[in-house]
Amino acid sequence: MTDTAGSAGARAGGGIGVVPYWELTFDADGDPDAGQRDRLVAGAAQQRVTDLLVFAHGWNNDRSTATRLYGRFFAPFPAMVGAGVRLGYTGVVWPAMRFTDEPIPDFDPVAAPAPAGPPLLDDATLGALARTFPGRELTLRRIQQLLAERPAARSAFDEYARLVRELVSVRENSPAQQLAEDAGTGTPAMLTDDPLGVCEIFTAALEKTGQQELFGDGLKRLWNGAKEFLRQGAYYATKRRAGVVGQLGLGPALGKLVRSAPGIRIHLIGHSFGARLVSYALRGMPAGVTGVKSVTLLQGAFSHYAFAARLPHDPDHGGALKGVQQRVDGPVVSCYSRHDSALGMLYPLASKLSGDSASFLGLFDRWGAIGHDGIQAVDGARRISLGAAVPGTGCVSLDAASVVRDGPPPIGAHSDVCHRELAHVVLTAGRVTAR
């Protein structure tokens, strides 16, 4: 049965619309809000929750955006479960980054925007970047100024690249640096290669994703790519942070929860970088802890080789998450869509981005994202279509393109994830009794 009591408390806790609901907040180092964590641990046991859905958002700006996503995604679940099931809901809130010119996952997709004007950094995005990267306000102001002025000089691109790289830098040997990469490939070349070449490649990529009306010509035109360079640099830092929060924050919190409520069945859900977060949480769970019954990755923004025991291009090494799927007493399901141009074009380009990449050939095999073409190079992994039976164990790649299909350029359908069909995937993957 589902819980219909205590809805006033759920509204007070964030207006999600489902109960019981707990919020779980982490800072950039993975440290939890201890009070929230303890309320979740105690509440799940007290309310006799049988199945707990734990959802981590992807790029984002604030708590209100995250809770709107959770409210919309969770909305179908109460009516979909059968007798004997008592669902609980948890929304993970962590410091990520969304640019203001991108769609929000809980909003209905909109038509492509009007032809682009100059690639400005608006004050709202500047403020979001300042919250995401505290203490870098002067760096951000100079980045904003260069985007506004668009100097037609190589030296300006050199300065701009230096500022972006400074913005997203981390301490040597810090947890953030150690958890940065999924496939042992080091720092992406966009943070080391010739700045003018990087901006030229990103400009060409924007055109290929359908954003044809780019501003300017000559070197001024390349400031379109410079804006994308900033976006991808910020997302690289957010991706890195997702691993930190998952492994050092959510994983230990799940261990504490399972010890308090040993019979609880946990179902992890992650969108975009949130998919990376919940996957790294598996690696951060204490040894011997069980309880995670399924993982559903919605347009995951991390390497499609992350779970591989051996990398096709480097057989002596595996993905950063090799073997962690064995910590799930059920399947790890990666929902992917060919309509997601953020992952189909911009993600692999940003991951590689060397000077010979203007043709975009060979990007997708080595540098592809798990939300673009599913889980790769894992023995025994299955590939299914939406609506097919989900295997009970192992890695599963599920083609969700029939519903994850709408959204404007340059990111396409990346945020088109709030569908009843995907809620059904979560329930069937977790073997939760459905009506």
# chains A, B, ... in the order shown; residues from 1 in each chain; ligands from 1
>>> residues_around(residues="Leu219 (chain A)", least_positions_apart="6", cutoff="9 Å", atoms="only C-alpha atoms", output="PyMOL selection string")
chain A and resi 150-154+196+200
>>> write_last_selection(atoms="N, CA, C and O atoms", output="tab-separated table (two decimals), in the first residue's frame")
chain	number	residue	atom	x	y	z
A	150	ARG	N	34.15	40.45	-27.07
A	150	ARG	CA	34.50	39.55	-28.18
A	150	ARG	C	35.70	40.08	-28.99
A	150	ARG	O	35.59	40.31	-30.20
A	151	PRO	N	36.85	40.28	-28.37
A	151	PRO	CA	38.01	40.82	-29.09
A	151	PRO	C	38.45	39.87	-30.20
A	151	PRO	O	38.50	38.65	-30.01
A	152	ALA	N	38.78	40.41	-31.35
A	152	ALA	CA	39.24	39.61	-32.49
A	152	ALA	C	40.76	39.47	-32.41
A	152	ALA	O	41.49	39.93	-33.30
A	153	ALA	N	41.25	38.82	-31.34
A	153	ALA	CA	42.69	38.69	-31.14
A	153	ALA	C	42.97	37.36	-30.46
A	153	ALA	O	42.27	36.97	-29.51
A	154	ARG	N	44.01	36.66	-30.92
A	154	ARG	CA	44.38	35.38	-30.33
A	154	ARG	C	44.69	35.54	-28.84
A	154	ARG	O	44.35	34.67	-28.03
A	196	LEU	N	42.36	28.75	-29.18
A	196	LEU	CA	41.65	29.13	-30.39
A	196	LEU	C	41.11	27.90	-31.11
A	196	LEU	O	39.98	27.90	-31.60
A	200	GLU	N	37.20	26.95	-31.87
A	200	GLU	CA	36.80	26.67	-33.24
A	200	GLU	C	36.04	25.36	-33.33
A	200	GLU	O	35.00	25.26	-34.01
>>> residues_around(residues="Gly344 (chain A)", least_positions_apart="3", cutoff="6 Å", atoms="only C-alpha atoms", output="MDAnalysis selection string")
chainID A and resid 340:341 372
>>> write_last_selection(atoms="all heavy atoms", output="PDB file, in the first residue's frame")
ATOM      1  N   ASP A 340      19.516  12.837 -27.693  1.00  0.00           N
ATOM      2  CA  ASP A 340      20.231  13.629 -26.692  1.00  0.00           C
ATOM      3  C   ASP A 340      21.523  14.147 -27.317  1.00  0.00           C
ATOM      4  O   ASP A 340      22.538  13.462 -27.322  1.00  0.00           O
ATOM      5  CB  ASP A 340      20.526  12.751 -25.475  1.00  0.00           C
ATOM      6  CG  ASP A 340      21.187  13.507 -24.331  1.00  0.00           C
ATOM      7  OD1 ASP A 340      21.794  14.559 -24.592  1.00  0.00           O
ATOM      8  OD2 ASP A 340      21.090  13.027 -23.184  1.00  0.00           O
ATOM      9  N   SER A 341      21.495  15.358 -27.861  1.00  0.00           N
ATOM     10  CA  SER A 341      22.694  15.872 -28.524  1.00  0.00           C
ATOM     11  C   SER A 341      23.723  16.405 -27.541  1.00  0.00           C
ATOM     12  O   SER A 341      24.900  16.531 -27.878  1.00  0.00           O
ATOM     13  CB  SER A 341      22.343  16.935 -29.574  1.00  0.00           C
ATOM     14  OG  SER A 341      21.271  17.732 -29.225  1.00  0.00           O
ATOM     15  N   HIS A 372      24.103   8.120 -24.129  1.00  0.00           N
ATOM     16  CA  HIS A 372      23.967   8.232 -25.590  1.00  0.00           C
ATOM     17  C   HIS A 372      23.814   6.872 -26.245  1.00  0.00           C
ATOM     18  O   HIS A 372      22.997   6.707 -27.155  1.00  0.00           O
ATOM     19  CB  HIS A 372      25.172   8.950 -26.185  1.00  0.00           C
ATOM     20  CG  HIS A 372      25.191   8.958 -27.678  1.00  0.00           C
ATOM     21  ND1 HIS A 372      24.226   9.607 -28.417  1.00  0.00           N
ATOM     22  CD2 HIS A 372      26.037   8.379 -28.578  1.00  0.00           C
ATOM     23  CE1 HIS A 372      24.487   9.443 -29.705  1.00  0.00           C
ATOM     24  NE2 HIS A 372      25.564   8.695 -29.827  1.00  0.00           N
TER      25      HIS A 372
END
>>> atom_distance(atom1="CA of Leu140 (chain A)", atom2="CA of Leu277 (chain A)")
26.5 Å
>>> select_by_dssp(residues="region 57-284 of chain A", states="helix (DSSP H, G or I)", output="number ranges by chain")
A: 63-74, 77-79, 123-132, 137-149, 154-167, 175-178, 189-191, 195-208, 218-221, 223-260, 273-284
>>> residues_around(residues="Arg141 (chain A)", least_positions_apart="4", cutoff="12 Å", atoms="only C-alpha atoms", output="ChimeraX atom specification")
/A:120-123,125-127,129-130,135-137,145-148,160,163-164,167
>>> write_last_selection(atoms="all heavy atoms", output="short mmCIF file (atom, residue, chain, number, x, y, z; two decimals), in the first residue's frame")
data_model
loop_
_atom_site.label_atom_id
_atom_site.label_comp_id
_atom_site.auth_asym_id
_atom_site.auth_seq_id
_atom_site.Cartn_x
_atom_site.Cartn_y
_atom_site.Cartn_z
N LEU A 120 26.61 36.20 -24.82
CA LEU A 120 26.84 36.91 -23.56
C LEU A 120 26.71 35.97 -22.37
O LEU A 120 26.02 34.94 -22.45
CB LEU A 120 25.85 38.06 -23.42
CG LEU A 120 25.89 39.13 -24.52
CD1 LEU A 120 24.75 40.12 -24.33
CD2 LEU A 120 27.24 39.84 -24.52
N LEU A 121 27.34 36.34 -21.26
CA LEU A 121 27.16 35.66 -20.00
C LEU A 121 26.25 36.54 -19.15
O LEU A 121 26.68 37.57 -18.63
CB LEU A 121 28.51 35.44 -19.31
CG LEU A 121 28.49 34.71 -17.96
CD1 LEU A 121 27.91 33.32 -18.12
CD2 LEU A 121 29.89 34.66 -17.37
N ASP A 122 24.98 36.15 -19.04
CA ASP A 122 24.02 36.99 -18.33
C ASP A 122 24.28 36.95 -16.83
O ASP A 122 24.97 36.07 -16.30
CB ASP A 122 22.59 36.54 -18.64
CG ASP A 122 22.33 35.11 -18.17
OD1 ASP A 122 21.97 34.94 -17.01
OD2 ASP A 122 22.54 34.17 -18.98
N ASP A 123 23.71 37.93 -16.12
CA ASP A 123 23.99 38.07 -14.69
C ASP A 123 23.46 36.89 -13.88
O ASP A 123 24.06 36.51 -12.87
CB ASP A 123 23.38 39.37 -14.16
CG ASP A 123 24.15 40.61 -14.63
OD1 ASP A 123 25.33 40.45 -15.02
OD2 ASP A 123 23.57 41.71 -14.60
N THR A 125 23.33 33.71 -14.85
CA THR A 125 24.29 32.62 -14.98
C THR A 125 25.57 32.94 -14.23
O THR A 125 26.18 32.07 -13.60
CB THR A 125 24.60 32.35 -16.46
OG1 THR A 125 23.38 32.02 -17.14
CG2 THR A 125 25.57 31.20 -16.62
N LEU A 126 25.98 34.23 -14.28
CA LEU A 126 27.16 34.65 -13.52
C LEU A 126 26.97 34.37 -12.04
O LEU A 126 27.88 33.85 -11.36
CB LEU A 126 27.42 36.13 -13.76
CG LEU A 126 28.69 36.69 -13.11
CD1 LEU A 126 29.92 36.25 -13.89
CD2 LEU A 126 28.64 38.22 -13.05
N GLY A 127 25.79 34.68 -11.52
CA GLY A 127 25.52 34.42 -10.12
C GLY A 127 25.53 32.94 -9.79
O GLY A 127 26.05 32.53 -8.74
N LEU A 129 27.24 30.63 -11.40
CA LEU A 129 28.64 30.20 -11.43
C LEU A 129 29.37 30.62 -10.16
O LEU A 129 30.20 29.87 -9.62
CB LEU A 129 29.33 30.79 -12.65
CG LEU A 129 29.00 30.13 -14.00
CD1 LEU A 129 29.44 31.03 -15.15
CD2 LEU A 129 29.67 28.77 -14.10
N ALA A 130 29.07 31.81 -9.66
CA ALA A 130 29.71 32.28 -8.43
C ALA A 130 29.33 31.41 -7.24
O ALA A 130 30.16 31.17 -6.34
CB ALA A 130 29.34 33.74 -8.17
N GLY A 135 34.46 32.26 -4.35
CA GLY A 135 35.78 32.87 -4.29
C GLY A 135 36.38 33.20 -5.64
O GLY A 135 37.52 33.68 -5.71
N ARG A 136 35.63 32.98 -6.74
CA ARG A 136 36.16 33.22 -8.09
C ARG A 136 35.41 34.37 -8.78
O ARG A 136 35.32 34.41 -10.00
CB ARG A 136 36.04 31.96 -8.93
CG ARG A 136 36.68 30.72 -8.31
CD ARG A 136 38.19 30.80 -8.25
NE ARG A 136 38.79 29.67 -7.56
CZ ARG A 136 39.13 28.53 -8.14
NH1 ARG A 136 38.90 28.37 -9.44
NH2 ARG A 136 39.68 27.56 -7.46
N GLU A 137 34.88 35.31 -8.01
CA GLU A 137 34.05 36.36 -8.59
C GLU A 137 34.82 37.24 -9.57
O GLU A 137 34.30 37.59 -10.64
CB GLU A 137 33.43 37.23 -7.48
CG GLU A 137 32.32 36.55 -6.69
CD GLU A 137 32.84 35.62 -5.61
OE1 GLU A 137 34.08 35.53 -5.46
OE2 GLU A 137 32.04 34.96 -4.93
N GLN A 145 33.22 39.93 -19.17
CA GLN A 145 33.65 41.08 -19.96
C GLN A 145 34.19 40.65 -21.32
O GLN A 145 33.86 41.26 -22.36
CB GLN A 145 34.71 41.86 -19.20
CG GLN A 145 35.20 43.12 -19.90
CD GLN A 145 36.27 43.85 -19.11
OE1 GLN A 145 36.84 43.31 -18.16
NE2 GLN A 145 36.55 45.09 -19.49
N LEU A 146 34.99 39.60 -21.36
CA LEU A 146 35.55 39.14 -22.64
C LEU A 146 34.44 38.64 -23.57
O LEU A 146 34.47 38.90 -24.77
CB LEU A 146 36.57 38.04 -22.38
CG LEU A 146 37.92 38.51 -21.83
CD1 LEU A 146 38.75 37.31 -21.38
CD2 LEU A 146 38.68 39.32 -22.87
N LEU A 147 33.45 37.93 -23.03
CA LEU A 147 32.34 37.47 -23.86
C LEU A 147 31.53 38.65 -24.40
O LEU A 147 30.99 38.59 -25.51
CB LEU A 147 31.44 36.52 -23.07
CG LEU A 147 31.96 35.09 -22.88
CD1 LEU A 147 31.07 34.33 -21.92
CD2 LEU A 147 32.04 34.37 -24.22
N ALA A 148 31.42 39.71 -23.62
CA ALA A 148 30.67 40.88 -24.08
C ALA A 148 31.44 41.65 -25.16
O ALA A 148 30.85 42.13 -26.14
CB ALA A 148 30.38 41.80 -22.89
N TYR A 160 41.19 34.14 -22.02
CA TYR A 160 39.90 33.55 -21.68
C TYR A 160 40.07 32.09 -21.23
O TYR A 160 39.52 31.67 -20.21
CB TYR A 160 38.98 33.63 -22.90
CG TYR A 160 37.60 33.10 -22.69
CD1 TYR A 160 36.58 33.89 -22.18
CD2 TYR A 160 37.28 31.78 -23.03
CE1 TYR A 160 35.30 33.40 -22.00
CE2 TYR A 160 35.99 31.28 -22.87
CZ TYR A 160 35.02 32.09 -22.35
OH TYR A 160 33.75 31.60 -22.17
N LEU A 163 41.52 31.78 -17.80
CA LEU A 163 40.54 32.09 -16.76
C LEU A 163 39.57 30.93 -16.53
O LEU A 163 39.24 30.60 -15.38
CB LEU A 163 39.76 33.35 -17.14
CG LEU A 163 40.57 34.65 -17.16
CD1 LEU A 163 39.76 35.76 -17.81
CD2 LEU A 163 41.01 35.06 -15.76
N VAL A 164 39.10 30.30 -17.61
CA VAL A 164 38.19 29.16 -17.47
C VAL A 164 38.91 28.01 -16.76
O VAL A 164 38.34 27.35 -15.87
CB VAL A 164 37.67 28.71 -18.84
CG1 VAL A 164 36.89 27.40 -18.72
CG2 VAL A 164 36.77 29.79 -19.45
N LEU A 167 39.14 28.72 -13.19
CA LEU A 167 37.83 28.61 -12.54
C LEU A 167 37.56 27.18 -12.09
O LEU A 167 37.04 26.95 -11.00
CB LEU A 167 36.74 29.07 -13.51
CG LEU A 167 35.30 29.02 -13.01
CD1 LEU A 167 35.07 30.07 -11.94
CD2 LEU A 167 34.33 29.22 -14.17
#
>>> closest_atom_pairs(of="region 309-342 of chain A", to="region 401-424 of chain A", cutoff="9 Å", atoms="only C-alpha atoms", output="Markdown table")
| residue | atom | partner | partner_atom | distance |
| --- | --- | --- | --- | --- |
| A:Cys335 | CA | A:Leu422 | CA | 8.6 |
| A:Tyr336 | CA | A:Ala401 | CA | 6.9 |
| A:Ser337 | CA | A:Ala401 | CA | 4.4 |
| A:Arg338 | CA | A:Ala401 | CA | 6.2 |
| A:His339 | CA | A:Arg405 | CA | 5.2 |
| A:Asp340 | CA | A:Ala413 | CA | 4.5 |
| A:Ser341 | CA | A:Ile411 | CA | 4.9 |
| A:Ala342 | CA | A:Ile411 | CA | 4.1 |
>>> residues_around(residues="region 74-85 of chain A", least_positions_apart="4", cutoff="12 Å", atoms="only C-alpha atoms", output="PDB file with C-alpha atoms, in the first residue's frame")
ATOM      1  CA  MET A   1       0.000   0.000   0.000  1.00  0.00           C
ATOM      2  CA  THR A   2       1.088   3.610  -0.403  1.00  0.00           C
ATOM      3  CA  ASP A   3       1.125   6.312   2.239  1.00  0.00           C
ATOM      4  CA  THR A   4      -1.694   8.846   2.066  1.00  0.00           C
ATOM      5  CA  GLY A  15       6.196  20.574  -1.856  1.00  0.00           C
ATOM      6  CA  ILE A  16       6.998  17.275  -3.567  1.00  0.00           C
ATOM      7  CA  GLY A  17       3.442  15.947  -3.496  1.00  0.00           C
ATOM      8  CA  VAL A  18       4.356  12.396  -2.425  1.00  0.00           C
ATOM      9  CA  VAL A  19       4.886  11.083   1.105  1.00  0.00           C
ATOM     10  CA  PRO A  20       6.903  10.171   2.990  1.00  0.00           C
ATOM     11  CA  TYR A  21       9.612  12.332   1.425  1.00  0.00           C
ATOM     12  CA  ARG A  48       8.123   0.910   7.760  1.00  0.00           C
ATOM     13  CA  VAL A  49       9.127   1.842   4.230  1.00  0.00           C
ATOM     14  CA  THR A  50       9.582  -1.260   2.086  1.00  0.00           C
ATOM     15  CA  ASP A  51      11.046   0.462  -0.986  1.00  0.00           C
ATOM     16  CA  LEU A  52      12.929   3.755  -0.986  1.00  0.00           C
ATOM     17  CA  LEU A  53      13.407   5.683  -4.234  1.00  0.00           C
ATOM     18  CA  VAL A  54      16.545   7.858  -4.100  1.00  0.00           C
ATOM     19  CA  PHE A  55      16.840  10.370  -6.978  1.00  0.00           C
ATOM     20  CA  THR A  67      12.473  19.624  -6.013  1.00  0.00           C
ATOM     21  CA  ARG A  68      10.291  20.493  -9.012  1.00  0.00           C
ATOM     22  CA  LEU A  69      12.048  17.745 -10.948  1.00  0.00           C
ATOM     23  CA  TYR A  70      11.517  15.258  -8.138  1.00  0.00           C
ATOM     24  CA  TYR A  89      11.030   9.039  -1.558  1.00  0.00           C
ATOM     25  CA  THR A  90      14.359  10.826  -1.191  1.00  0.00           C
ATOM     26  CA  GLY A  91      15.650  13.736  -3.253  1.00  0.00           C
ATOM     27  CA  ASP A 106      10.630  19.131 -15.068  1.00  0.00           C
ATOM     28  CA  ILE A 264      14.686  -1.803   3.274  1.00  0.00           C
ATOM     29  CA  ARG A 265      14.970  -2.064  -0.522  1.00  0.00           C
ATOM     30  CA  ILE A 269      17.863   6.923  -9.785  1.00  0.00           C
ATOM     31  CA  VAL A 417      13.126  12.487 -18.647  1.00  0.00           C
ATOM     32  CA  CYS A 418       9.822  12.948 -16.794  1.00  0.00           C
ATOM     33  CA  HIS A 419       7.698  10.171 -18.283  1.00  0.00           C
ATOM     34  CA  ARG A 420       5.425   7.529 -16.789  1.00  0.00           C
ATOM     35  CA  GLU A 421       7.189   4.968 -18.977  1.00  0.00           C
ATOM     36  CA  LEU A 422      10.482   5.686 -17.217  1.00  0.00           C
ATOM     37  CA  ALA A 423       8.789   5.458 -13.815  1.00  0.00           C
ATOM     38  CA  HIS A 424       7.655   2.007 -14.898  1.00  0.00           C
ATOM     39  CA  VAL A 425      11.268   1.109 -15.762  1.00  0.00           C
ATOM     40  CA  VAL A 426      12.298   1.990 -12.186  1.00  0.00           C
ATOM     41  CA  LEU A 427       9.583  -0.225 -10.717  1.00  0.00           C
ATOM     42  CA  THR A 428      10.198  -3.200 -13.009  1.00  0.00           C
ATOM     43  CA  GLY A 430      13.487  -3.044  -8.806  1.00  0.00           C
ATOM     44  CA  ARG A 431      10.914  -5.824  -8.930  1.00  0.00           C
ATOM     45  CA  VAL A 432       8.473  -3.594  -7.089  1.00  0.00           C
ATOM     46  CA  THR A 433       4.950  -4.993  -7.289  1.00  0.00           C
ATOM     47  CA  ALA A 434       3.019  -2.917  -9.819  1.00  0.00           C
ATOM     48  CA  ARG A 435      -0.692  -2.578 -10.443  1.00  0.00           C
TER      49      ARG A 435
END
>>> closest_atom_pairs(of="region 17-64 of chain A", to="region 254-257 of chain A", cutoff="9 Å", atoms="only C-alpha atoms", output="tab-separated table")
residue	atom	partner	partner_atom	distance
A:Arg37	CA	A:Leu257	CA	8.6
A:Asp38	CA	A:Leu257	CA	8.6
A:Leu40	CA	A:Leu257	CA	7.7
A:Val41	CA	A:Leu257	CA	4.9
A:Ala42	CA	A:Leu257	CA	8.2
A:Ala44	CA	A:Leu257	CA	8.2
A:Ala45	CA	A:Leu257	CA	8.7
>>> atom_distance(atom1="CA of Ala28 (chain A)", atom2="CA of Cys395 (chain A)")
28.9 Å
>>> select_by_dssp(residues="region 7-86 of chain A", states="strand (DSSP E)", output="list in words")
Tyr21, Trp22, Glu23, Leu24, Thr25, Asp51, Leu52, Leu53, Val54, Phe55 and Ala56 of chain A
>>> residues_around(residues="region 388-393 of chain A", least_positions_apart="4", cutoff="6 Å", atoms="only C-alpha atoms", output="ChimeraX atom specification")
/A:330-331,429
>>> write_last_selection(atoms="C-alpha atoms", output="PDB file, in the first residue's frame")
ATOM      1  CA  GLY A 330      19.345  -6.425  -9.215  1.00  0.00           C
ATOM      2  CA  PRO A 331      20.018  -4.645 -12.505  1.00  0.00           C
ATOM      3  CA  ALA A 429      13.986  -2.959 -12.567  1.00  0.00           C
TER       4      ALA A 429
END
>>> residues_around(residues="Tyr235 (chain A)", least_positions_apart="3", cutoff="9 Å", atoms="only C-alpha atoms", output="list in words")
Trp59, Ala96, Met97, Arg98, Leu230, Arg231, Gln232, Thr238, Lys239, Arg240 and Phe273 of chain A
>>> residues_around(residues="Arg383 (chain A)", least_positions_apart="6", cutoff="6 Å", atoms="only C-alpha atoms", output="PyMOL selection string")
chain A and resi 396-398
>>> write_last_selection(atoms="all heavy atoms", output="PDB file, in the first residue's frame")
ATOM      1  N   VAL A 396      22.209  -3.400 -18.039  1.00  0.00           N
ATOM      2  CA  VAL A 396      21.169  -3.373 -19.068  1.00  0.00           C
ATOM      3  C   VAL A 396      21.175  -2.004 -19.727  1.00  0.00           C
ATOM      4  O   VAL A 396      21.157  -0.978 -19.035  1.00  0.00           O
ATOM      5  CB  VAL A 396      19.775  -3.651 -18.465  1.00  0.00           C
ATOM      6  CG1 VAL A 396      18.715  -3.646 -19.559  1.00  0.00           C
ATOM      7  CG2 VAL A 396      19.768  -4.954 -17.688  1.00  0.00           C
ATOM      8  N   SER A 397      21.202  -1.978 -21.037  1.00  0.00           N
ATOM      9  CA  SER A 397      21.074  -0.728 -21.793  1.00  0.00           C
ATOM     10  C   SER A 397      19.686  -0.689 -22.404  1.00  0.00           C
ATOM     11  O   SER A 397      19.306  -1.592 -23.143  1.00  0.00           O
ATOM     12  CB  SER A 397      22.142  -0.644 -22.884  1.00  0.00           C
ATOM     13  OG  SER A 397      23.431  -0.673 -22.325  1.00  0.00           O
ATOM     14  N   LEU A 398      18.927   0.364 -22.080  1.00  0.00           N
ATOM     15  CA  LEU A 398      17.530   0.452 -22.503  1.00  0.00           C
ATOM     16  C   LEU A 398      17.364   1.649 -23.429  1.00  0.00           C
ATOM     17  O   LEU A 398      17.616   2.791 -23.033  1.00  0.00           O
ATOM     18  CB  LEU A 398      16.624   0.570 -21.277  1.00  0.00           C
ATOM     19  CG  LEU A 398      15.118   0.486 -21.508  1.00  0.00           C
ATOM     20  CD1 LEU A 398      14.426  -0.075 -20.274  1.00  0.00           C
ATOM     21  CD2 LEU A 398      14.512   1.856 -21.842  1.00  0.00           C
TER      22      LEU A 398
END
>>> atom_distance(atom1="CA of Ser294 (chain A)", atom2="CA of Ala369 (chain A)")
20.3 Å
>>> closest_residue(among="A:Gly233, A:Leu343, A:Asp217, A:Thr132", to="Val198 (chain A)", atoms="only C-alpha atoms")
A:Gly233
>>> closest_residue(among="A:Ser155, A:Gly274, A:Gly243, A:Gly387", to="Ala320 (chain A)", atoms="only C-alpha atoms")
A:Gly243
>>> closest_residue(among="A:Gly270, A:Gly197, A:Gly371, A:Gly43", to="Val92 (chain A)", atoms="only C-alpha atoms")
A:Gly270
>>> closest_residue(among="A:Ala128, A:Ala377, A:Ala261, A:Ala242", to="Val93 (chain A)", atoms="only C-alpha atoms")
A:Ala242
